[in-house]
Every structure is written in structure tokens, then in C-alpha cells.
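Heads up: the structure comes next, in C-alpha cells.
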Amino acid sequence: MRIMILGGDGYLGWPTAMYFSTRGHDVHVVDNFARRKADEELQADSLTPIRSLDERIHAWREVSGKEIRSAVGTLTDYEFISREMNEFRPETIIHYGELRSAPYSMIDREHAVYTQQNNITGNLNVLWAMADGLRECHLVKLGTMGEYGTPNIDIEEGYIDIEHKGRKDRLPFPKQPGSFYHLSKVADSNNIMFACKIWGIRATDLNQGVVYGVETDETKLDERLCTRLDYDAIWGTALNRFCIQAALGEPMTVYGKGGQTRGFLDIRDTLACVELATMNPADRGECRVFNQFTEQFSVLGLAEMVRDAAAKRDIKATIAHLDNPRVELEDHYFNAVHTKLLDLGLQPHFLSDTLVDSLLVTTETYATRARRETLLPDVNWRDASDAKAGAPVASKNGNQAPAAEMLVTEAEA
Ligand code: NAD
Ligand code: USQ
């Protein structure tokens, strides 16, 4: 199958490119390196030593004997992306190519606008290019569980059957996202749903939880093929951060009470889910929504799991409760349905099986590369001051006093 991977230089995009290439598909990746540029802006870096896209593709050719094509450019440039799509004529487009950080989108007005313009415009351009000559193509779009927020009812997979004043309907599940980034994903979902309706496009919107881990069968083949692992307070996600914090002997930064509960999945399951969606496409005009995660944990529960796992490697990890820089519920109901991918055959990996031997070992291996000054959060959701918008961005990622006061409430494993 001809598969185009948008955002193919990213944490998930690069392993996905190799995953499909090794299975005999014709893979074409597109990226504008927005993520690498954000690292320069914030003086952050991947914990793992990632190579340039060209070097990765060269290494993949050497290791596998297979070719991955690439094009460098932005999805927000319609001429560029429509030309790439029309020349390659993908049967499936896997769309990872967005700015994906909630804290980044909350730095200031400029970053909120950049995130929303980049994500919403890029996605809209892809939809228009599909409508203009690629209507058989299947869009597999990465959305987020964070679109739903934390309602006090079970979260369904995209749609909810409701009865209101004696009438019934099946409607999109209500969305209550928690950042300008998450809001961009809601706009994407609405645009995709509308495009399916008016143009008969086929799409699968994958509402993905927080991904952890860095190892896939392909990334393990050669260090030059490794994918990025973010741990700083802007781009790093909860579990990946806790592992590197533990490996560094720094306290694990639980925001507030830590009762925030989210869906999580292993990076290998991301690839498996994307493959299941690709091989079982949506019908023409159908906008399918799958909730893509395998287990749900509270943030404090995760930190405790990492602490216990670290103890097995003789690492004494501690937990710190910080003043929460975000505006979010810290104690809430969370029960999200996630059966559609299991019904298609997903065989999940479980965190308890990989935490000690994979995740902690990887973070320990590269711990000396870590920049400790990027660990503490200093983007506060409540702050919308002009001064913040004018300040150098680098100072917002740990080089000055953090927004959250650290309170170590638990001293030892
Ligand atoms: P990432 O930042 O590592 O990768 C995204 C890639 O897209 C980057 O290489 C970036 O340069 C590229 N990109 C951004 N804007 C672009 C544009 N306008 N044109 C071309 N390329 C562009 O992110 P990731 O962790 O690999 O996430 C991939 C997707 O999955 C995102 O859409 C994200 O919202 C979603 N997602 C990620 C997670 C997670 O835990 N990592 C969880 C849920 C959903
Ligand atoms: N958190 C901590 N300590 C930390 C980091 C985070 O307690 O050091 C908490 C946050 O307050 C939040 C939860 O952990 O309650 C998750 O935060 P996160 O940074 O791990 O994840 P999030 O901001 O939600 O974003 C990540 C990805 C994003 C994706 C999303 C899936 O960056 O691209 O969309 O996970 S989900 O969370 O399901 O919306």
C-alpha cells in the first residue's frame, strides 16, 4: 500500500514509517522539522540522540535494504502538500504532523496562535487536497483523548446516544479540552467530520492517550534509528518524564494531588493501532472515532509505579507534589470506553511488563544527556500577561524560577 506519513520525523511518525516499510509498504514521509525548531527555541533536546531525517533514511536503507521517501515542507502550504499528495497518490495518509504540546500552546498568545494555525490549517489543507482528486484515500488522523476532558460520565468512542425531551439521536460526544493545543484537535475533529459528510471522504480519528516508551522492533535495530524521547516540562509527557526524573535522582513532579486520570499506551501499541486502522479502512463518507489507549492510571499512581520499579534497579526515587501549573480537575471520575481497536485485534502491551526492563533502562542509558534545568514547569495556565508574551521563550523552560513551588511530600521509596 502507498502510505504517506505526515509528521514522519517525530516521536511517533519515524517509528511508524519504519514499521510500515519493514512490512513491504511504500512509505513517503513529510515533515517541516517544526519540532526540532521548537527544541532550539526552548533550549530543550531529545534524551535519545536522534539523527537528522536524511541520516535516518540512509541508516534504514543500510539496515533493512528498504527505501523511505521524504519531502520537507509544511502542511500549511497548500501548494506544497497538494503537490506531494497528487504525485505520490497515497492510499492511506497517517497524519501526525501537528504541534502536540499543551504547555507549548499555553506559553503566551503567540504560541497559542501558532499551535492553532499550524494544526487547524494543516489539517484543513490535507482535507481539501483529498477532496480535490484523492477521495478514495483513507485519512488516519491522530487526535487525542484530551478532546473529551474529564466529564462526570463514561466517555464513549466519539459519539453518544442521547435522549432529550422524548427524542433520540446519536451525536458527537461533548468536548471539554484543557489547553489551546487540545482545542486545536477538537477543531480538527469537527473539520474531518464535516469533510466526510460533504465530500464522502473516509477517515479514522484516533483519540489517543498519552504514549510512553521509545523502543520498537525497528528502532532497536541500530542506534541511528532511535526515536526522540522528550522529558522537559514543555514537550515531555508524564510517564516518560517520571522515568528520567527517577533515573537522574530528581523528584518525580506530580502536579497537584495527582488524581488526574488519563489513558496511556505503549509506543508499540500506537503502531499496532495505526496499522489496524489502516488495514481496516473506514467506509466512504464515514468518520470513525477510536479511543486509542490500553490502560488508565492516575498521575500519582504512575509515579508510585515508577518509584517501585526504580527500587528494583536500586534507584531511590521520590515523589514531589507541585502546585499545579495547569487548570484541570485533580480528583475526578474517568472511565473511557476503548473497545473498537481491541475488537479489530489489538493485543496490548502492559506497563507493568515493560517499565523496569525497557523504559527505565533506556532512560538510565541516556541520563547523562539530560538537561536538568528543563525539568521544572514554568508555563502557568492562569498567566495571560503581556510581559509573558514579550519575554524570551528560553526563559520559560526552566532557566528561571519555576512557576510551581516544589513540596517534597514523600521522601523515599
Ligand atoms: P512530535 O512533535 O514528536 O511529532 C510531530 C511531527 O510533526 C514533528 O516531527 C513536527 O516537525 C511535524 N510537524 C508539525 N507541524 C507540521 C507542519 N505544519 N508540517 C509538517 N510537519 C509538521 O509528536 P508525536 O508525539 O510524534 O505526536 C504525533 C501526533 O500524535 C500529534 O498529532 C499528537 O497530537 C498526537 N498524539 C501524541 C501523543 C503522545 O503522547 N506523544 C498522544 C496523543 C496524541
Ligand atoms: N503531569 C504531571 N506531572 C508532569 C507532567 C504532567 O502531573 O510532570 C500531569 C498533567 O498535569 C496532566 C497529566 O499529567 O494531568 C498528563 O499530562 P502530559 O503532559 O503527560 O500529557 P498532555 O499534556 O495531556 O499531552 C500529551 C501529549 C499530547 C496528547 C495527550 C494525550 O503531549 O500530544 O494529545 O498527551 S491526552 O492526555 O490523553 O490528552
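So you can find residues: chains in the C-alpha cells are A, B, ... in the order shown, residues in each start at 1, and ligands are numbered from 1 in order.
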Inset, instruction - From the DSSP assignment of the backbone, select every residue of segment 261-297 of chain A that is strand (DSSP E or B), and format the answer as a PyMOL selection string. - result: chain A and resi 261-266+287-292+295-297
What would the file look like if the residues just selected were written as a PDB file, in the first residue's frame with N, CA and C atoms?
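The resulting again.pdb:
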```pdb
ATOM      1  N   THR A 261      -6.554  11.496  36.039  1.00  0.00           N
ATOM      2  CA  THR A 261      -6.504  10.164  35.436  1.00  0.00           C
ATOM      3  C   THR A 261      -6.592  10.291  33.926  1.00  0.00           C
ATOM      4  N   ARG A 262      -5.712   9.565  33.231  1.00  0.00           N
ATOM      5  CA  ARG A 262      -5.640   9.628  31.774  1.00  0.00           C
ATOM      6  C   ARG A 262      -5.471   8.217  31.211  1.00  0.00           C
ATOM      7  N   GLY A 263      -5.721   8.090  29.913  1.00  0.00           N
ATOM      8  CA  GLY A 263      -5.457   6.832  29.213  1.00  0.00           C
ATOM      9  C   GLY A 263      -3.998   6.833  28.752  1.00  0.00           C
ATOM     10  N   PHE A 264      -3.345   5.666  28.813  1.00  0.00           N
ATOM     11  CA  PHE A 264      -1.936   5.542  28.412  1.00  0.00           C
ATOM     12  C   PHE A 264      -1.764   4.352  27.477  1.00  0.00           C
ATOM     13  N   LEU A 265      -0.720   4.411  26.663  1.00  0.00           N
ATOM     14  CA  LEU A 265      -0.385   3.250  25.834  1.00  0.00           C
ATOM     15  C   LEU A 265       1.095   3.238  25.484  1.00  0.00           C
ATOM     16  N   ASP A 266       1.570   2.026  25.246  1.00  0.00           N
ATOM     17  CA  ASP A 266       2.957   1.779  24.839  1.00  0.00           C
ATOM     18  C   ASP A 266       3.115   2.216  23.387  1.00  0.00           C
ATOM     19  N   CYS A 287     -16.844   8.865   9.224  1.00  0.00           N
ATOM     20  CA  CYS A 287     -15.839   9.425  10.132  1.00  0.00           C
ATOM     21  C   CYS A 287     -15.866   8.572  11.402  1.00  0.00           C
ATOM     22  N   ARG A 288     -14.949   7.587  11.455  1.00  0.00           N
ATOM     23  CA  ARG A 288     -14.890   6.688  12.616  1.00  0.00           C
ATOM     24  C   ARG A 288     -14.060   7.329  13.709  1.00  0.00           C
ATOM     25  N   VAL A 289     -14.417   7.045  14.929  1.00  0.00           N
ATOM     26  CA  VAL A 289     -13.600   7.527  16.041  1.00  0.00           C
ATOM     27  C   VAL A 289     -13.251   6.339  16.933  1.00  0.00           C
ATOM     28  N   PHE A 290     -11.948   6.129  17.161  1.00  0.00           N
ATOM     29  CA  PHE A 290     -11.497   5.093  18.089  1.00  0.00           C
ATOM     30  C   PHE A 290     -10.793   5.770  19.257  1.00  0.00           C
ATOM     31  N   ASN A 291     -11.069   5.297  20.455  1.00  0.00           N
ATOM     32  CA  ASN A 291     -10.294   5.755  21.615  1.00  0.00           C
ATOM     33  C   ASN A 291      -9.067   4.864  21.739  1.00  0.00           C
ATOM     34  N   GLN A 292      -7.888   5.460  21.549  1.00  0.00           N
ATOM     35  CA  GLN A 292      -6.658   4.684  21.403  1.00  0.00           C
ATOM     36  C   GLN A 292      -5.807   4.755  22.663  1.00  0.00           C
ATOM     37  N   GLU A 295      -4.573   1.332  28.941  1.00  0.00           N
ATOM     38  CA  GLU A 295      -4.775   1.284  30.397  1.00  0.00           C
ATOM     39  C   GLU A 295      -4.979   2.706  30.880  1.00  0.00           C
ATOM     40  N   GLN A 296      -5.704   2.859  31.974  1.00  0.00           N
ATOM     41  CA  GLN A 296      -5.800   4.202  32.540  1.00  0.00           C
ATOM     42  C   GLN A 296      -5.207   4.229  33.943  1.00  0.00           C
ATOM     43  N   PHE A 297      -4.480   5.321  34.222  1.00  0.00           N
ATOM     44  CA  PHE A 297      -3.805   5.484  35.519  1.00  0.00           C
ATOM     45  C   PHE A 297      -3.982   6.912  35.989  1.00  0.00           C
TER      46      PHE A 297
END
```
Legend entry - Those in segment 69-292 of chain A with alpha helix (DSSP H) from DSSP, as an MDAnalysis selection string: chainID A and resid 78:88 102:105 109:116 122:131 180:199 238:248 267:279
Legend entry - For atom CA of Thr216 of chain A and atom 43 (C, counted along the ligand's line) of ligand 1, the interatomic separation in Å (one decimal):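 Atom 43 (C, counted along the ligand's line) of ligand 1 lies at a distance of 17.3 Å from atom CA of Thr216 of chain A.
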Which residues are near segment 341-355 of chain A? Cut-off 10 Å, only C-alpha atoms, ignore same chain within fewer than 5 positions. Put them as a JSON list (two decimals) with N, CA, C and O atoms, in the first residue's frame.
```json
[["chain", "number", "residue", "atom", "x", "y", "z"],
["A", 206, "LEU", "N", -8.26, 9.02, 15.55],
["A", 206, "LEU", "CA", -7.77, 8.21, 16.67],
["A", 206, "LEU", "C", -7.56, 9.10, 17.88],
["A", 206, "LEU", "O", -6.62, 9.91, 17.91],
["A", 212, "TYR", "N", 3.88, 6.20, 25.98],
["A", 212, "TYR", "CA", 5.15, 6.07, 26.70],
["A", 212, "TYR", "C", 6.04, 5.07, 25.97],
["A", 212, "TYR", "O", 5.58, 4.25, 25.17],
["A", 213, "GLY", "N", 7.34, 5.17, 26.25],
["A", 213, "GLY", "CA", 8.29, 4.22, 25.71],
["A", 213, "GLY", "C", 8.95, 4.73, 24.45],
["A", 213, "GLY", "O", 8.53, 5.73, 23.86],
["A", 239, "LEU", "N", 4.64, 10.02, 32.07],
["A", 239, "LEU", "CA", 5.39, 8.82, 32.42],
["A", 239, "LEU", "C", 6.83, 8.88, 31.94],
["A", 239, "LEU", "O", 7.76, 8.51, 32.67],
["A", 243, "CYS", "N", 10.16, 8.69, 34.51],
["A", 243, "CYS", "CA", 11.26, 7.72, 34.38],
["A", 243, "CYS", "C", 12.61, 8.42, 34.36],
["A", 243, "CYS", "O", 13.55, 8.00, 35.04],
["A", 264, "PHE", "N", -3.34, 5.67, 28.81],
["A", 264, "PHE", "CA", -1.94, 5.54, 28.41],
["A", 264, "PHE", "C", -1.76, 4.35, 27.48],
["A", 264, "PHE", "O", -2.55, 3.40, 27.52],
["A", 265, "LEU", "N", -0.72, 4.41, 26.66],
["A", 265, "LEU", "CA", -0.39, 3.25, 25.83],
["A", 265, "LEU", "C", 1.10, 3.24, 25.48],
["A", 265, "LEU", "O", 1.74, 4.28, 25.44],
["A", 266, "ASP", "N", 1.57, 2.03, 25.25],
["A", 266, "ASP", "CA", 2.96, 1.78, 24.84],
["A", 266, "ASP", "C", 3.12, 2.22, 23.39],
["A", 266, "ASP", "O", 2.20, 2.02, 22.57],
["A", 267, "ILE", "N", 4.28, 2.75, 23.04],
["A", 267, "ILE", "CA", 4.52, 3.20, 21.67],
["A", 267, "ILE", "C", 4.29, 2.06, 20.65],
["A", 267, "ILE", "O", 3.81, 2.29, 19.55],
["A", 268, "ARG", "N", 4.57, 0.83, 21.05],
["A", 268, "ARG", "CA", 4.35, -0.30, 20.13],
["A", 268, "ARG", "C", 2.87, -0.49, 19.84],
["A", 268, "ARG", "O", 2.49, -0.92, 18.75],
["A", 269, "ASP", "N", 2.04, -0.13, 20.82],
["A", 269, "ASP", "CA", 0.59, -0.25, 20.59],
["A", 269, "ASP", "C", 0.10, 0.88, 19.70],
["A", 269, "ASP", "O", -0.87, 0.71, 18.96],
["A", 270, "THR", "N", 0.74, 2.06, 19.77],
["A", 270, "THR", "CA", 0.40, 3.11, 18.81],
["A", 270, "THR", "C", 0.55, 2.58, 17.39],
["A", 270, "THR", "O", -0.34, 2.72, 16.54],
["A", 272, "ALA", "N", 0.63, -0.53, 16.33],
["A", 272, "ALA", "CA", -0.33, -1.59, 16.04],
["A", 272, "ALA", "C", -1.72, -1.01, 15.76],
["A", 272, "ALA", "O", -2.43, -1.47, 14.86],
["A", 273, "CYS", "N", -2.11, 0.00, 16.54],
["A", 273, "CYS", "CA", -3.45, 0.61, 16.35],
["A", 273, "CYS", "C", -3.53, 1.30, 15.00],
["A", 273, "CYS", "O", -4.53, 1.17, 14.28],
["A", 274, "VAL", "N", -2.48, 2.02, 14.66],
["A", 274, "VAL", "CA", -2.47, 2.73, 13.37],
["A", 274, "VAL", "C", -2.52, 1.71, 12.23],
["A", 274, "VAL", "O", -3.20, 1.91, 11.22],
["A", 275, "GLU", "N", -1.83, 0.59, 12.41],
["A", 275, "GLU", "CA", -1.87, -0.45, 11.38],
["A", 275, "GLU", "C", -3.28, -1.05, 11.27],
["A", 275, "GLU", "O", -3.80, -1.26, 10.17],
["A", 276, "LEU", "N", -3.92, -1.31, 12.42],
["A", 276, "LEU", "CA", -5.28, -1.87, 12.38],
["A", 276, "LEU", "C", -6.24, -0.92, 11.68],
["A", 276, "LEU", "O", -7.09, -1.35, 10.89],
["A", 277, "ALA", "N", -6.10, 0.37, 11.97],
["A", 277, "ALA", "CA", -6.97, 1.35, 11.31],
["A", 277, "ALA", "C", -6.70, 1.39, 9.81],
["A", 277, "ALA", "O", -7.62, 1.45, 8.99],
["A", 279, "MET", "N", -5.40, -1.00, 7.84],
["A", 279, "MET", "CA", -5.78, -2.23, 7.13],
["A", 279, "MET", "C", -7.28, -2.49, 7.15],
["A", 279, "MET", "O", -7.77, -3.34, 6.41],
["A", 280, "ASN", "N", -8.00, -1.79, 7.99],
["A", 280, "ASN", "CA", -9.46, -1.92, 8.07],
["A", 280, "ASN", "C", -10.07, -0.53, 7.89],
["A", 280, "ASN", "O", -10.56, 0.07, 8.84],
["A", 290, "PHE", "N", -11.95, 6.13, 17.16],
["A", 290, "PHE", "CA", -11.50, 5.09, 18.09],
["A", 290, "PHE", "C", -10.79, 5.77, 19.26],
["A", 290, "PHE", "O", -9.99, 6.69, 19.04],
["A", 291, "ASN", "N", -11.07, 5.30, 20.46],
["A", 291, "ASN", "CA", -10.29, 5.76, 21.62],
["A", 291, "ASN", "C", -9.07, 4.86, 21.74],
["A", 291, "ASN", "O", -9.19, 3.66, 21.98],
["A", 292, "GLN", "N", -7.89, 5.46, 21.55],
["A", 292, "GLN", "CA", -6.66, 4.68, 21.40],
["A", 292, "GLN", "C", -5.81, 4.75, 22.66],
["A", 292, "GLN", "O", -4.95, 5.63, 22.80],
["A", 293, "PHE", "N", -6.10, 3.88, 23.61],
["A", 293, "PHE", "CA", -5.23, 3.71, 24.78],
["A", 293, "PHE", "C", -5.51, 2.32, 25.32],
["A", 293, "PHE", "O", -6.47, 1.66, 24.90],
["A", 294, "THR", "N", -4.65, 1.84, 26.21],
["A", 294, "THR", "CA", -4.81, 0.46, 26.67],
["A", 294, "THR", "C", -5.08, 0.35, 28.17],
["A", 294, "THR", "O", -5.71, -0.59, 28.62],
["A", 295, "GLU", "N", -4.57, 1.33, 28.94],
["A", 295, "GLU", "CA", -4.78, 1.28, 30.40],
["A", 295, "GLU", "C", -4.98, 2.71, 30.88],
["A", 295, "GLU", "O", -4.46, 3.65, 30.27],
["A", 302, "LEU", "N", 0.90, 6.50, 38.72],
["A", 302, "LEU", "CA", 2.04, 6.26, 37.83],
["A", 302, "LEU", "C", 3.35, 6.51, 38.54],
["A", 302, "LEU", "O", 4.29, 5.72, 38.42],
["A", 305, "MET", "N", 4.15, 3.73, 40.70],
["A", 305, "MET", "CA", 4.63, 2.56, 39.95],
["A", 305, "MET", "C", 6.10, 2.74, 39.55],
["A", 305, "MET", "O", 6.88, 1.80, 39.63],
["A", 306, "VAL", "N", 6.44, 3.95, 39.11],
["A", 306, "VAL", "CA", 7.83, 4.19, 38.70],
["A", 306, "VAL", "C", 8.74, 4.08, 39.93],
["A", 306, "VAL", "O", 9.82, 3.47, 39.87],
["A", 309, "ALA", "N", 9.21, 0.45, 40.66],
["A", 309, "ALA", "CA", 10.02, -0.20, 39.63],
["A", 309, "ALA", "C", 11.49, 0.22, 39.77],
["A", 309, "ALA", "O", 12.41, -0.59, 39.61],
["A", 310, "ALA", "N", 11.70, 1.50, 40.07],
["A", 310, "ALA", "CA", 13.06, 2.01, 40.21],
["A", 310, "ALA", "C", 13.77, 1.30, 41.37],
["A", 310, "ALA", "O", 14.97, 0.99, 41.29],
["A", 360, "LEU", "N", 12.86, 2.16, 32.01],
["A", 360, "LEU", "CA", 13.86, 2.66, 32.97],
["A", 360, "LEU", "C", 15.27, 2.43, 32.46],
["A", 360, "LEU", "O", 16.15, 3.28, 32.63],
["A", 361, "VAL", "N", 15.51, 1.30, 31.79],
["A", 361, "VAL", "CA", 16.86, 1.02, 31.29],
["A", 361, "VAL", "C", 17.24, 2.06, 30.23],
["A", 361, "VAL", "O", 18.34, 2.61, 30.24]]
```
Inset, instruction - Name the residues, by chain letter and number, that sit within 6 Å of ligand 1 using only C-alpha atoms and all ligand atoms, and give them as number ranges by chain. - result: A: 7-13, 31-35, 73-76, 96-100, 118, 122, 142-144, 208-211
Inset, instruction - Using only C-alpha atoms, determine which residues lie at most 9 Å from segment 44-51 of chain A, disregarding the query and same-chain residues fewer than 4 positions distant; provide the list as number ranges by chain. - result: A: 36, 38-40, 55-56, 214, 223-232, 234-235, 244, 362-363, 366-371, 374, 394, 397
Legend entry - Distance query Ala246 of chain A at most 8 Å, only C-alpha atoms, self and fewer than 4 positions along chain excluded, as a PyMOL selection string: chain A and resi 242+250-252+306-307+310+315-318
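For segment 155-157 of chain A, the residues within 9 Å (counting only C-alpha atoms, excluding itself and residues fewer than 5 positions away along the chain) are Tyr148, Thr150, Phe173, Asn207, Arg288, Val289, Phe290, Asn291, Phe334, Asn335, Ala336, Val337, His338, Thr339 and Lys340 of chain A.
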Legend entry - From A:Leu42, A:Ala129, A:Leu248, A:Ala102, residue lying nearest ligand 2 [only C-alpha atoms and all ligand atoms]: A:Ala102
Inset, instruction - Record the distance separating atom CA of Glu110 of chain A and atom CA of Leu183 of chain A, expressed in Å with one decimal. - result: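 According to the coordinates, atom CA of Glu110 of chain A and atom CA of Leu183 of chain A are separated by 15.5 Å.
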Inset, instruction - Give the answer as one residue: which of A:Trp199, A:Phe20, A:Tyr255, A:Tyr78 has the shortest atom-to-atom distance to ligand 2, using only C-alpha atoms and all ligand atoms? - result: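 Answer, going by the shortest atom-to-atom distance: A:Tyr255.
Candidate residues A:Val299, A:Leu376, A:Leu221, A:Met106 were compared for distance to Glu62 of chain A, and the nearest is A:Leu221, using only C-alpha atoms.
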Inset, instruction - May I ask which of the residues A:Gln43, A:Gln245, A:Ser21, A:Ser82 is the closest one to ligand 2, counting only C-alpha atoms and all ligand atoms? - result: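 Result for the nearest residue to ligand 2: A:Gln245.
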Inset, instruction - Can you work out which one of A:Leu171, A:Ala282, A:Met145, A:Leu300 has the shortest atom-to-atom distance to ligand 2, counting only C-alpha atoms and all ligand atoms? - result: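 Among A:Leu171, A:Ala282, A:Met145, A:Leu300, it is A:Met145 that comes nearest to ligand 2.
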Inset, instruction - Figure out the distance between atom CA of Lys66 of chain A and atom CA of Ile93 of chain A, please, to one decimal in Å. - result: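 A separation of 19.7 Å between them.
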